[in-house]
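Below is entry-v2.cif, which holds mmCIF, C-alpha atoms.
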data_my_file
loop_
_atom_site.label_atom_id
_atom_site.label_comp_id
_atom_site.auth_asym_id
_atom_site.auth_seq_id
_atom_site.Cartn_x
_atom_site.Cartn_y
_atom_site.Cartn_z
CA MET A 1 -19.38 2.32 19.58
CA ASP A 2 -21.35 4.19 16.89
CA GLU A 3 -19.51 7.01 15.14
CA TYR A 4 -20.34 9.70 12.60
CA LEU A 5 -19.88 8.41 9.08
CA GLU A 6 -18.85 11.10 6.61
CA PRO A 7 -20.32 10.96 3.11
CA VAL A 8 -18.18 9.46 0.38
CA HIS A 9 -17.41 10.66 -3.11
CA GLU A 10 -17.77 8.88 -6.41
CA PRO A 11 -14.76 6.77 -7.48
CA ALA A 12 -12.60 7.99 -10.32
CA ALA A 13 -13.40 6.76 -13.82
CA GLY A 14 -11.82 3.41 -14.54
CA ALA A 15 -11.41 2.59 -10.86
CA LEU A 16 -12.93 -0.10 -8.70
CA ASP A 17 -15.62 1.23 -6.36
CA PRO A 18 -14.41 0.79 -2.76
CA ARG A 19 -18.00 1.13 -1.48
CA ALA A 20 -19.19 -1.82 -3.53
CA GLU A 21 -16.05 -3.78 -2.65
CA LEU A 22 -16.56 -3.14 1.08
CA SER A 23 -20.25 -4.03 0.91
CA GLU A 24 -19.68 -7.32 -0.88
CA PHE A 25 -16.71 -8.24 1.29
CA LEU A 26 -18.68 -7.78 4.53
CA ARG A 27 -21.71 -9.55 3.11
CA THR A 28 -19.74 -12.58 1.99
CA ARG A 29 -17.90 -12.76 5.34
CA ARG A 30 -21.25 -12.73 7.18
CA ALA A 31 -22.62 -15.42 4.91
CA ARG A 32 -19.94 -17.94 5.83
CA LEU A 33 -20.71 -17.82 9.58
CA LYS A 34 -23.62 -19.49 11.35
CA PRO A 35 -25.02 -18.18 14.65
CA GLU A 36 -23.78 -21.27 16.47
CA ASP A 37 -20.27 -20.63 15.12
CA VAL A 38 -20.06 -17.46 17.18
CA GLY A 39 -21.98 -18.57 20.27
CA LEU A 40 -25.43 -17.25 19.32
CA ARG A 41 -28.68 -19.18 19.40
CA SER A 42 -30.38 -19.69 16.06
CA PHE A 43 -34.04 -18.73 16.37
CA GLY A 44 -36.41 -20.09 13.79
CA ARG A 45 -36.01 -22.99 11.45
CA TYR A 46 -35.89 -20.93 8.29
CA ARG A 47 -33.57 -17.97 7.68
CA ARG A 48 -33.90 -15.64 4.71
CA VAL A 49 -30.16 -15.04 4.44
CA PRO A 50 -27.23 -17.43 4.66
CA GLY A 51 -24.99 -16.95 7.67
CA LEU A 52 -25.31 -14.17 10.21
CA ARG A 53 -27.91 -11.45 9.99
CA ARG A 54 -26.79 -7.84 10.20
CA GLU A 55 -28.36 -7.46 13.63
CA GLU A 56 -26.49 -10.50 14.90
CA LEU A 57 -23.17 -9.16 13.68
CA ALA A 58 -23.91 -5.71 15.12
CA GLN A 59 -24.64 -7.36 18.47
CA LEU A 60 -21.33 -9.22 18.40
CA ALA A 61 -19.40 -6.09 17.38
CA GLY A 62 -21.07 -3.88 19.99
CA MET A 63 -22.73 -1.34 17.72
CA SER A 64 -26.20 -0.44 16.56
CA VAL A 65 -27.79 -2.24 13.64
CA ALA A 66 -28.38 1.07 11.85
CA TYR A 67 -24.70 2.02 12.13
CA TYR A 68 -23.44 -1.31 10.85
CA THR A 69 -25.99 -1.29 8.02
CA ARG A 70 -24.78 2.13 6.83
CA LEU A 71 -21.19 0.93 6.97
CA GLU A 72 -21.93 -2.26 5.01
CA GLN A 73 -23.83 -0.26 2.41
CA GLY A 74 -20.81 1.96 1.90
CA SER A 75 -22.53 5.10 3.18
CA GLY A 76 -19.56 6.55 5.03
CA ARG A 77 -15.87 6.68 5.69
CA HIS A 78 -13.48 7.65 8.47
CA VAL A 79 -14.33 4.66 10.59
CA SER A 80 -12.08 4.21 13.60
CA ALA A 81 -9.61 1.36 13.87
CA GLU A 82 -11.44 0.21 17.02
CA VAL A 83 -14.71 -0.26 15.10
CA LEU A 84 -12.97 -2.15 12.32
CA ASP A 85 -11.17 -4.32 14.87
CA ALA A 86 -14.50 -5.15 16.52
CA ILE A 87 -16.05 -6.11 13.18
CA ALA A 88 -13.00 -8.18 12.25
CA CYS A 89 -13.18 -10.00 15.56
CA ALA A 90 -16.91 -10.66 15.19
CA LEU A 91 -16.42 -11.99 11.66
CA ARG A 92 -13.35 -14.01 12.69
CA LEU A 93 -11.26 -12.53 9.92
CA SER A 94 -7.74 -13.72 9.20
CA ASP A 95 -4.86 -11.24 9.37
CA ALA A 96 -4.99 -10.80 5.59
CA GLU A 97 -8.77 -10.28 5.65
CA HIS A 98 -8.42 -7.79 8.52
CA ALA A 99 -5.87 -5.78 6.52
CA HIS A 100 -8.13 -5.91 3.47
CA LEU A 101 -11.06 -4.59 5.53
CA ARG A 102 -8.96 -1.64 6.71
CA HIS A 103 -7.93 -0.81 3.15
CA LEU A 104 -11.53 -0.92 1.92
CA ALA A 105 -13.01 1.07 4.79
CA LYS A 106 -10.25 3.68 4.98
CA PRO A 107 -8.83 4.08 1.46
CA LYS A 108 -6.11 6.59 0.75
CA GLN A 109 -7.58 9.77 -0.67
CA GLN A 110 -6.21 10.69 -4.11
CA LYS A 111 -7.21 13.57 -6.35
CA LYS A 112 -6.62 11.41 -9.42
CA PRO A 113 -5.34 7.93 -10.12
CA ALA A 114 -1.57 8.04 -9.70
CA VAL A 115 -0.11 4.56 -9.76
CA ARG A 116 3.64 4.46 -9.34
CA ALA A 117 5.48 2.52 -12.03
CA GLN A 118 6.96 -0.75 -10.80
CA GLN A 119 10.75 -0.68 -10.87
CA VAL A 120 13.17 -3.54 -10.23
CA ARG A 121 16.44 -2.62 -8.54
CA GLY A 122 19.55 -3.70 -10.39
CA THR A 123 20.86 -5.51 -7.32
CA LEU A 124 17.68 -7.60 -7.24
CA ARG A 125 18.20 -8.65 -10.84
CA THR A 126 21.77 -9.58 -9.97
CA LEU A 127 20.53 -11.61 -7.01
CA LEU A 128 18.10 -13.50 -9.24
CA ASP A 129 20.87 -14.27 -11.73
CA THR A 130 23.01 -15.79 -8.96
CA MET A 131 20.23 -18.17 -7.89
CA ASP A 132 21.17 -21.02 -10.19
CA GLY A 133 19.77 -24.03 -8.34
CA PHE A 134 16.12 -23.12 -7.90
CA PRO A 135 13.44 -20.99 -9.58
CA ALA A 136 13.04 -17.45 -8.26
CA ILE A 137 10.49 -14.88 -9.45
CA LEU A 138 9.85 -11.25 -8.49
CA VAL A 139 6.11 -10.52 -8.48
CA GLY A 140 4.59 -7.06 -8.20
CA ARG A 141 1.15 -5.46 -8.12
CA ARG A 142 -1.65 -7.01 -10.16
CA SER A 143 0.32 -10.30 -10.12
CA ASP A 144 2.72 -8.81 -12.69
CA ILE A 145 5.85 -10.93 -13.18
CA LEU A 146 8.65 -8.37 -13.00
CA ALA A 147 11.80 -10.49 -13.15
CA TRP A 148 12.92 -14.12 -12.96
CA ASN A 149 16.00 -16.28 -13.18
CA ARG A 150 17.05 -18.76 -15.85
CA ILE A 151 15.73 -21.88 -14.14
CA ALA A 152 12.36 -20.21 -13.53
CA ALA A 153 12.08 -19.83 -17.31
CA ALA A 154 12.91 -23.52 -17.72
CA VAL A 155 10.23 -24.54 -15.19
CA PHE A 156 7.40 -22.09 -15.90
CA GLY A 157 8.09 -20.96 -19.46
CA ASP A 158 10.25 -18.33 -21.13
CA TRP A 159 8.17 -15.25 -20.41
CA ALA A 160 10.67 -13.07 -22.24
CA GLU A 161 8.98 -14.25 -25.43
CA LEU A 162 5.67 -12.75 -24.30
CA PRO A 163 4.58 -9.10 -24.51
CA THR A 164 5.12 -7.28 -21.21
CA GLN A 165 1.36 -7.09 -20.60
CA GLU A 166 1.11 -10.88 -20.82
CA GLN A 167 3.82 -11.39 -18.18
CA ASN A 168 1.16 -11.61 -15.52
CA TRP A 169 0.15 -14.60 -13.37
CA ALA A 170 -3.58 -13.90 -13.65
CA ARG A 171 -3.52 -13.79 -17.45
CA LEU A 172 -1.32 -16.89 -17.64
CA VAL A 173 -3.45 -18.96 -15.27
CA PHE A 174 -6.87 -18.02 -16.62
CA LEU A 175 -6.25 -17.31 -20.30
CA ARG A 176 -3.54 -19.78 -21.36
CA PRO A 177 -4.76 -23.41 -21.40
CA GLU A 178 -1.24 -24.84 -21.11
CA TYR A 179 -0.98 -23.59 -17.52
CA ARG A 180 -3.94 -25.77 -16.56
CA ASP A 181 -1.74 -28.71 -17.51
CA LEU A 182 1.32 -27.32 -15.71
CA PHE A 183 -0.31 -26.88 -12.28
CA VAL A 184 -1.43 -30.23 -10.83
CA ASP A 185 -3.99 -28.43 -8.64
CA TRP A 186 -4.97 -25.66 -11.03
CA GLU A 187 -8.01 -24.65 -8.96
CA HIS A 188 -5.83 -24.02 -5.91
CA LYS A 189 -3.41 -21.90 -7.95
CA ALA A 190 -6.33 -19.96 -9.46
CA LYS A 191 -7.74 -19.23 -5.98
CA ASP A 192 -4.34 -17.98 -4.80
CA VAL A 193 -4.02 -15.63 -7.78
CA VAL A 194 -7.53 -14.18 -7.33
CA SER A 195 -7.21 -13.77 -3.56
CA GLN A 196 -3.98 -11.83 -4.02
CA LEU A 197 -5.60 -9.66 -6.70
CA ARG A 198 -8.33 -8.90 -4.17
CA MET A 199 -5.69 -7.69 -1.73
CA ASP A 200 -4.31 -5.41 -4.45
CA ALA A 201 -7.81 -4.10 -5.21
CA GLY A 202 -8.25 -3.10 -1.58
CA SER A 203 -4.90 -1.29 -1.49
CA HIS A 204 -5.15 0.31 -4.95
CA PRO A 205 -8.82 0.71 -5.92
CA GLU A 206 -7.95 3.59 -8.28
CA ASP A 207 -5.40 1.62 -10.29
CA PRO A 208 -6.86 1.71 -13.84
CA ARG A 209 -4.66 -1.17 -15.03
CA LEU A 210 -5.95 -3.37 -12.21
CA SER A 211 -9.54 -2.45 -13.04
CA ALA A 212 -8.90 -3.19 -16.72
CA LEU A 213 -7.32 -6.55 -15.84
CA VAL A 214 -10.29 -7.56 -13.68
CA GLY A 215 -12.68 -6.48 -16.42
CA GLU A 216 -10.83 -8.43 -19.11
CA LEU A 217 -10.63 -11.60 -17.04
CA SER A 218 -14.28 -11.32 -16.01
CA VAL A 219 -15.30 -11.23 -19.67
CA LYS A 220 -12.98 -14.00 -20.87
CA SER A 221 -13.05 -16.48 -17.98
CA GLU A 222 -16.11 -17.88 -16.21
CA GLN A 223 -13.81 -19.44 -13.57
CA PHE A 224 -12.34 -16.02 -12.79
CA ARG A 225 -15.81 -14.48 -12.43
CA ARG A 226 -16.80 -17.23 -9.99
CA LEU A 227 -13.70 -16.87 -7.83
CA TRP A 228 -13.74 -13.05 -7.93
CA ALA A 229 -17.31 -13.08 -6.58
CA THR A 230 -16.22 -14.95 -3.43
CA HIS A 231 -14.23 -11.90 -2.21
CA ASP A 232 -11.67 -14.20 -0.59
CA VAL A 233 -8.32 -12.61 0.22
CA LYS A 234 -5.01 -14.18 1.14
CA ASP A 235 -1.40 -13.09 1.36
CA LYS A 236 0.33 -16.34 0.42
CA CYS A 237 3.73 -16.73 2.08
CA HIS A 238 4.62 -20.41 1.75
CA GLY A 239 3.26 -23.77 0.67
CA ILE A 240 3.67 -26.70 -1.71
CA GLN A 241 3.56 -26.23 -5.49
CA ARG A 242 3.04 -29.39 -7.53
CA LEU A 243 3.72 -29.14 -11.24
CA HIS A 244 3.54 -31.49 -14.19
CA HIS A 245 6.39 -30.29 -16.37
CA PRO A 246 6.16 -31.35 -20.03
CA LEU A 247 9.82 -32.40 -20.05
CA VAL A 248 10.74 -33.78 -16.60
CA GLY A 249 7.27 -34.76 -15.37
CA GLN A 250 6.19 -34.36 -11.73
CA LEU A 251 7.81 -31.59 -9.69
CA ASP A 252 7.03 -31.23 -5.96
CA LEU A 253 8.39 -27.85 -4.89
CA ARG A 254 8.27 -25.84 -1.68
CA LEU A 255 7.23 -22.23 -2.17
CA GLU A 256 8.56 -19.42 0.03
CA SER A 257 7.90 -15.72 -0.47
CA PHE A 258 9.55 -12.61 0.90
CA HIS A 259 8.28 -9.02 0.72
CA GLN A 260 10.90 -6.40 -0.14
CA ALA A 261 11.80 -4.19 2.82
CA ASP A 262 11.77 -1.00 0.72
CA ASP A 263 8.78 -1.96 -1.46
CA HIS A 264 6.16 -4.13 0.24
CA GLU A 265 4.28 -4.44 -3.05
CA GLN A 266 7.08 -6.53 -4.53
CA MET A 267 7.52 -10.13 -3.44
CA LEU A 268 10.39 -12.50 -4.15
CA VAL A 269 9.03 -16.03 -4.59
CA THR A 270 11.34 -19.03 -4.55
CA TYR A 271 10.72 -22.72 -5.26
CA HIS A 272 12.99 -25.47 -3.98
CA ALA A 273 12.87 -29.27 -3.80
CA GLU A 274 13.72 -31.61 -0.95
CA PRO A 275 17.41 -32.56 -1.15
CA ASN A 276 18.15 -35.82 -2.99
CA SER A 277 14.54 -36.13 -4.14
CA PRO A 278 13.43 -36.88 -7.73
CA SER A 279 12.25 -33.27 -7.95
CA ALA A 280 15.69 -32.02 -6.90
CA GLU A 281 17.28 -34.12 -9.65
CA ALA A 282 14.75 -32.82 -12.18
CA LEU A 283 15.54 -29.21 -11.17
CA ARG A 284 19.26 -29.91 -11.53
CA LEU A 285 18.63 -31.21 -15.02
CA LEU A 286 16.50 -28.22 -16.00
CA ALA A 287 19.12 -25.86 -14.57
CA SER A 288 21.75 -27.45 -16.77
CA TRP A 289 19.54 -26.93 -19.84
CA GLY A 290 18.24 -23.48 -18.88
CA THR A 291 15.85 -21.88 -21.35
CA ASP A 292 16.88 -24.52 -23.91
CA ALA A 293 15.21 -27.23 -21.81
CA THR A 294 12.24 -27.52 -24.14
CA ARG A 295 14.49 -27.79 -27.16
CA ALA A 296 16.31 -30.96 -26.05
CA GLY A 297 16.56 -33.74 -28.64
CA ALA A 298 14.97 -34.38 -32.01
CA GLY A 299 13.50 -37.20 -34.02
CA MET A 300 9.96 -37.54 -32.63
CA PRO A 301 7.00 -35.48 -33.82
CA PRO A 302 7.19 -32.23 -31.83
CA ALA A 303 4.70 -31.51 -29.05
CA ARG A 304 3.74 -27.86 -28.74
CA THR A 305 4.06 -26.65 -25.17
CA ALA A 306 3.51 -23.54 -23.08
CA TRP A 307 7.16 -22.78 -23.65
CA GLY A 308 6.66 -22.09 -27.36
CA ALA A 309 9.20 -24.66 -28.55
CA SER A 310 9.24 -28.21 -29.89
CA LEU A 311 9.68 -30.90 -27.26
CA ASP A 312 10.96 -34.42 -27.91
CA LEU A 313 9.53 -36.53 -25.09
CA THR A 314 11.51 -39.64 -26.07
CA ARG A 315 14.81 -37.79 -25.86
CA ALA A 316 13.76 -36.25 -22.50
CA ASP A 317 13.12 -39.72 -21.05
CA GLU A 318 16.55 -40.85 -22.18
CA LEU A 319 18.22 -37.88 -20.48
CA LEU A 320 16.28 -38.54 -17.29
CA GLY A 321 17.13 -42.23 -17.32
CA LYS A 322 13.51 -43.33 -17.71
CA ASP A 323 12.29 -46.41 -19.54
CA ASN A 324 10.19 -45.79 -22.62
#

Here is a file; write its structure as structure tokens.
Amino acid sequence: MDEYLEPVHEPAAGALDPRAELSEFLRTRRARLKPEDVGLRSFGRYRRVPGLRREELAQLAGMSVAYYTRLEQGSGRHVSAEVLDAIACALRLSDAEHAHLRHLAKPKQQKKPAVRAQQVRGTLRTLLDTMDGFPAILVGRRSDILAWNRIAAAVFGDWAELPTQEQNWARLVFLRPEYRDLFVDWEHKAKDVVSQLRMDAGSHPEDPRLSALVGELSVKSEQFRRLWATHDVKDKCHGIQRLHHPLVGQLDLRLESFHQADDHEQMLVTYHAEPNSPSAEALRLLASWGTDATRAGAGMPPARTAWGASLDLTRADELLGKDN
């Protein structure tokens, strides 16, 4: 199955290097598999590398060791879909990982970085405004938060008070300590954010803003550096999001996401609670307060929150019918 690998050119300044990204992605995928996981015998008690050796993967994928080694080292492009499919099968990649491999191995050729500005259609903004009962957020490339409805601001914070550059899930999760308190399983949320950034990096390696974001987070957050080095990718579509809201307490929400038909890079994310549950009642209460939720009541010493306003916890308990 060996093919001719054409030489590659240097990446544009300020861009991520697809060759290095491809090399590290394949290496980390090999490292997570043992020979016995793929039906191979493990010879020798001691192995110099974790996971599969290159020759073992080449055997599984039906190609020469020299060819696979050149590919993993980023020495060529124009690899056929059949070769990539064989490697994906041998590495037992998920659908998201398979798509990421194709983006890294066969990037779109551009003369210079030309990243299209992210635009939100007016009808989408109208749709968000009509969603009164549950949080809804429109997320774009680089985990940028492009638009949201009123109850999303009450649940996650009034992002309108932040500079546009700071309206970004990666910056919020890794650089703002209050979001560690908001997400019950912060580590899981952090992994989701990084894995989706990895997908973006494979699709848009020449995006200078993405490269700058990765560089900034790598400098400022040790946790980001650790997760970025895993090269894990995931296109999250649904799941459970557990929050500890500073006003209403525990929120157990179901997350659903929908890619836009005319712009696959934009994703509408919604959060809803089980009917008649405590979380549903808490959402109803937050919806009634809107962006003023964190300004309810007065009389107790204010607690500074991620929402940038004073919060009276005693008054909140009274409104929720809780005992002090």

(message) Residues within 6 Å of range 17-34 of chain A, please, as a list of chain:residue names. Count only C-alpha atoms; anything in the same chain fewer than 3 positions from it doesn't count.
(response) A:Pro11, A:Asp37, A:Pro50, A:Gly51, A:Leu52, A:Glu72, A:Gln73, A:Gly74, A:Leu104, A:His231

(request) Tell me, as a list in words, which residues lie within 8 Å of Val155 in chain A, counting only C-alpha atoms; anything in the same chain fewer than 3 positions away does not count. (result)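 So the residues in contact are Pro135, Ile151, Ala152, His245 and Leu286 of chain A.
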
(request) Find the residues around range 251-268 of chain A up to 7 Å (all atoms listed in the file counted), leave out those fewer than 5 positions away in its own chain, and share them as JSON, numbers by chain. (result) {"A": [136, 137, 138, 139, 140, 141, 237, 238, 239, 240, 241, 242, 243, 244, 245, 273, 279]}

Resulting file, chosen residues, C-alpha atoms, as a PDB file, keeping the file's coordinate frame:
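The resulting file, selection-v4.pdb, is shown below:
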ATOM      1  CA  ALA A 136      13.040 -17.450  -8.260  1.00  0.00           C
ATOM      2  CA  ILE A 137      10.490 -14.880  -9.450  1.00  0.00           C
ATOM      3  CA  LEU A 138       9.850 -11.250  -8.490  1.00  0.00           C
ATOM      4  CA  VAL A 139       6.110 -10.520  -8.480  1.00  0.00           C
ATOM      5  CA  GLY A 140       4.590  -7.060  -8.200  1.00  0.00           C
ATOM      6  CA  ARG A 141       1.150  -5.460  -8.120  1.00  0.00           C
ATOM      7  CA  CYS A 237       3.730 -16.730   2.080  1.00  0.00           C
ATOM      8  CA  HIS A 238       4.620 -20.410   1.750  1.00  0.00           C
ATOM      9  CA  GLY A 239       3.260 -23.770   0.670  1.00  0.00           C
ATOM     10  CA  ILE A 240       3.670 -26.700  -1.710  1.00  0.00           C
ATOM     11  CA  GLN A 241       3.560 -26.230  -5.490  1.00  0.00           C
ATOM     12  CA  ARG A 242       3.040 -29.390  -7.530  1.00  0.00           C
ATOM     13  CA  LEU A 243       3.720 -29.140 -11.240  1.00  0.00           C
ATOM     14  CA  HIS A 244       3.540 -31.490 -14.190  1.00  0.00           C
ATOM     15  CA  HIS A 245       6.390 -30.290 -16.370  1.00  0.00           C
ATOM     16  CA  ALA A 273      12.870 -29.270  -3.800  1.00  0.00           C
ATOM     17  CA  SER A 279      12.250 -33.270  -7.950  1.00  0.00           C
TER      18      SER A 279
END

(request) For CA of Leu146 in chain A and CA of Leu182 in chain A, determine how far apart the two atoms are, in Å to one decimal place. (result)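 Calculated distance between CA of Leu146 in chain A and CA of Leu182 in chain A is 20.5 Å.
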
(request) For Val173 in chain A, work out the shell of residues within 12 Å, counting only C-alpha atoms and skipping chain neighbours fewer than 2 positions away, then give it as a count of residues only. (result) 32

(message) Just checking: using all atoms listed in the file, which residue out of A:Val248, A:Arg225, A:Ala105, A:Leu57 ends up closest to Ser75 in chain A?
(response) A:Ala105

(request) Find the distance between CA of Leu84 in chain A and CA of His100 in chain A and write it in Å to one decimal. (result)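 For CA of Leu84 in chain A relative to CA of His100 in chain A, the distance reads 10.8 Å.
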
(request) Please evaluate the PyMOL selection byres ((chain A and resi 87) around 12) against the displayed coordinates and give the resulting residues as JSON, numbers by chain. (result) {"A": [1, 26, 29, 30, 54, 56, 57, 58, 59, 60, 61, 62, 63, 67, 68, 71, 72, 79, 80, 81, 82, 83, 84, 85, 86, 88, 89, 90, 91, 92, 93, 94, 97, 98, 101, 102, 105]}

(request) Find, counting all atoms listed in the file, the residue in A:Leu197, A:Leu285, A:Ala147, A:Ala160 that gets nearest to Thr123 in chain A. (result)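 The shortest atom-to-atom distance to Thr123 in chain A comes from A:Ala147.
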
(request) Enter the distance from CA of Arg198 in chain A to CA of Leu162 in chain A, in Å, rounded to one decimal. (result)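 It comes out at 24.8 Å.
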
(message) From the options A:Leu283, A:Val219, A:Val214, A:Ala229, which residue's atoms come nearest to Ala154 in chain A, counting all atoms listed in the file?
(response)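 Looking at the shortest contact to Ala154 in chain A, the residue is A:Leu283.
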
Where atoms are missing, can you supply N, CA and C atoms for range 249-274 of chain A and output the lot as a PDB file, keeping the file's coordinate frame?
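Printed below is result.pdb as written:
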ATOM      1  N   GLY A 249       8.369 -34.139 -16.092  1.00  0.00           N
ATOM      2  CA  GLY A 249       7.270 -34.760 -15.370  1.00  0.00           C
ATOM      3  C   GLY A 249       6.959 -34.081 -14.046  1.00  0.00           C
ATOM      4  N   GLN A 250       6.655 -34.888 -13.018  1.00  0.00           N
ATOM      5  CA  GLN A 250       6.190 -34.360 -11.730  1.00  0.00           C
ATOM      6  C   GLN A 250       7.286 -33.599 -11.012  1.00  0.00           C
ATOM      7  N   LEU A 251       6.934 -32.405 -10.518  1.00  0.00           N
ATOM      8  CA  LEU A 251       7.810 -31.590  -9.690  1.00  0.00           C
ATOM      9  C   LEU A 251       7.059 -31.233  -8.413  1.00  0.00           C
ATOM     10  N   ASP A 252       7.597 -31.612  -7.257  1.00  0.00           N
ATOM     11  CA  ASP A 252       7.030 -31.230  -5.960  1.00  0.00           C
ATOM     12  C   ASP A 252       7.970 -30.208  -5.338  1.00  0.00           C
ATOM     13  N   LEU A 253       7.540 -28.951  -5.320  1.00  0.00           N
ATOM     14  CA  LEU A 253       8.390 -27.850  -4.890  1.00  0.00           C
ATOM     15  C   LEU A 253       7.811 -27.146  -3.687  1.00  0.00           C
ATOM     16  N   ARG A 254       8.679 -26.652  -2.831  1.00  0.00           N
ATOM     17  CA  ARG A 254       8.270 -25.840  -1.680  1.00  0.00           C
ATOM     18  C   ARG A 254       8.390 -24.364  -2.033  1.00  0.00           C
ATOM     19  N   LEU A 255       7.305 -23.651  -1.828  1.00  0.00           N
ATOM     20  CA  LEU A 255       7.230 -22.230  -2.170  1.00  0.00           C
ATOM     21  C   LEU A 255       7.476 -21.394  -0.919  1.00  0.00           C
ATOM     22  N   GLU A 256       8.344 -20.416  -1.026  1.00  0.00           N
ATOM     23  CA  GLU A 256       8.560 -19.420   0.030  1.00  0.00           C
ATOM     24  C   GLU A 256       8.523 -18.048  -0.615  1.00  0.00           C
ATOM     25  N   SER A 257       7.977 -17.075   0.090  1.00  0.00           N
ATOM     26  CA  SER A 257       7.900 -15.720  -0.470  1.00  0.00           C
ATOM     27  C   SER A 257       8.356 -14.698   0.551  1.00  0.00           C
ATOM     28  N   PHE A 258       8.950 -13.624   0.051  1.00  0.00           N
ATOM     29  CA  PHE A 258       9.550 -12.610   0.900  1.00  0.00           C
ATOM     30  C   PHE A 258       9.224 -11.219   0.338  1.00  0.00           C
ATOM     31  N   HIS A 259       8.555 -10.396   1.136  1.00  0.00           N
ATOM     32  CA  HIS A 259       8.280  -9.020   0.720  1.00  0.00           C
ATOM     33  C   HIS A 259       9.558  -8.190   0.811  1.00  0.00           C
ATOM     34  N   GLN A 260       9.727  -7.275  -0.149  1.00  0.00           N
ATOM     35  CA  GLN A 260      10.900  -6.400  -0.140  1.00  0.00           C
ATOM     36  C   GLN A 260      10.760  -5.355   0.964  1.00  0.00           C
ATOM     37  N   ALA A 261      11.844  -5.125   1.687  1.00  0.00           N
ATOM     38  CA  ALA A 261      11.800  -4.190   2.820  1.00  0.00           C
ATOM     39  C   ALA A 261      11.479  -2.770   2.361  1.00  0.00           C
ATOM     40  N   ASP A 262      11.979  -2.372   1.185  1.00  0.00           N
ATOM     41  CA  ASP A 262      11.770  -1.000   0.720  1.00  0.00           C
ATOM     42  C   ASP A 262      10.608  -0.879  -0.256  1.00  0.00           C
ATOM     43  N   ASP A 263       9.941  -1.987  -0.549  1.00  0.00           N
ATOM     44  CA  ASP A 263       8.780  -1.960  -1.460  1.00  0.00           C
ATOM     45  C   ASP A 263       7.918  -3.184  -1.134  1.00  0.00           C
ATOM     46  N   HIS A 264       6.975  -3.007  -0.235  1.00  0.00           N
ATOM     47  CA  HIS A 264       6.160  -4.130   0.240  1.00  0.00           C
ATOM     48  C   HIS A 264       5.274  -4.696  -0.858  1.00  0.00           C
ATOM     49  N   GLU A 265       5.130  -3.960  -1.957  1.00  0.00           N
ATOM     50  CA  GLU A 265       4.280  -4.440  -3.050  1.00  0.00           C
ATOM     51  C   GLU A 265       5.013  -5.435  -3.945  1.00  0.00           C
ATOM     52  N   GLN A 266       6.313  -5.559  -3.769  1.00  0.00           N
ATOM     53  CA  GLN A 266       7.080  -6.530  -4.530  1.00  0.00           C
ATOM     54  C   GLN A 266       7.438  -7.717  -3.652  1.00  0.00           C
ATOM     55  N   MET A 267       7.300  -8.913  -4.204  1.00  0.00           N
ATOM     56  CA  MET A 267       7.520 -10.130  -3.440  1.00  0.00           C
ATOM     57  C   MET A 267       8.432 -11.077  -4.214  1.00  0.00           C
ATOM     58  N   LEU A 268       9.492 -11.506  -3.562  1.00  0.00           N
ATOM     59  CA  LEU A 268      10.390 -12.500  -4.150  1.00  0.00           C
ATOM     60  C   LEU A 268       9.861 -13.888  -3.785  1.00  0.00           C
ATOM     61  N   VAL A 269       9.576 -14.688  -4.795  1.00  0.00           N
ATOM     62  CA  VAL A 269       9.030 -16.030  -4.590  1.00  0.00           C
ATOM     63  C   VAL A 269      10.052 -17.043  -5.069  1.00  0.00           C
ATOM     64  N   THR A 270      10.376 -17.994  -4.202  1.00  0.00           N
ATOM     65  CA  THR A 270      11.340 -19.030  -4.550  1.00  0.00           C
ATOM     66  C   THR A 270      10.682 -20.405  -4.466  1.00  0.00           C
ATOM     67  N   TYR A 271      11.219 -21.343  -5.234  1.00  0.00           N
ATOM     68  CA  TYR A 271      10.720 -22.720  -5.260  1.00  0.00           C
ATOM     69  C   TYR A 271      11.923 -23.659  -5.128  1.00  0.00           C
ATOM     70  N   HIS A 272      11.887 -24.528  -4.132  1.00  0.00           N
ATOM     71  CA  HIS A 272      12.990 -25.470  -3.980  1.00  0.00           C
ATOM     72  C   HIS A 272      12.447 -26.866  -3.700  1.00  0.00           C
ATOM     73  N   ALA A 273      13.254 -27.867  -4.000  1.00  0.00           N
ATOM     74  CA  ALA A 273      12.870 -29.270  -3.800  1.00  0.00           C
ATOM     75  C   ALA A 273      13.599 -29.847  -2.604  1.00  0.00           C
ATOM     76  N   GLU A 274      13.038 -30.914  -2.036  1.00  0.00           N
ATOM     77  CA  GLU A 274      13.720 -31.610  -0.950  1.00  0.00           C
ATOM     78  C   GLU A 274      15.042 -32.171  -1.472  1.00  0.00           C
TER      79      GLU A 274
END
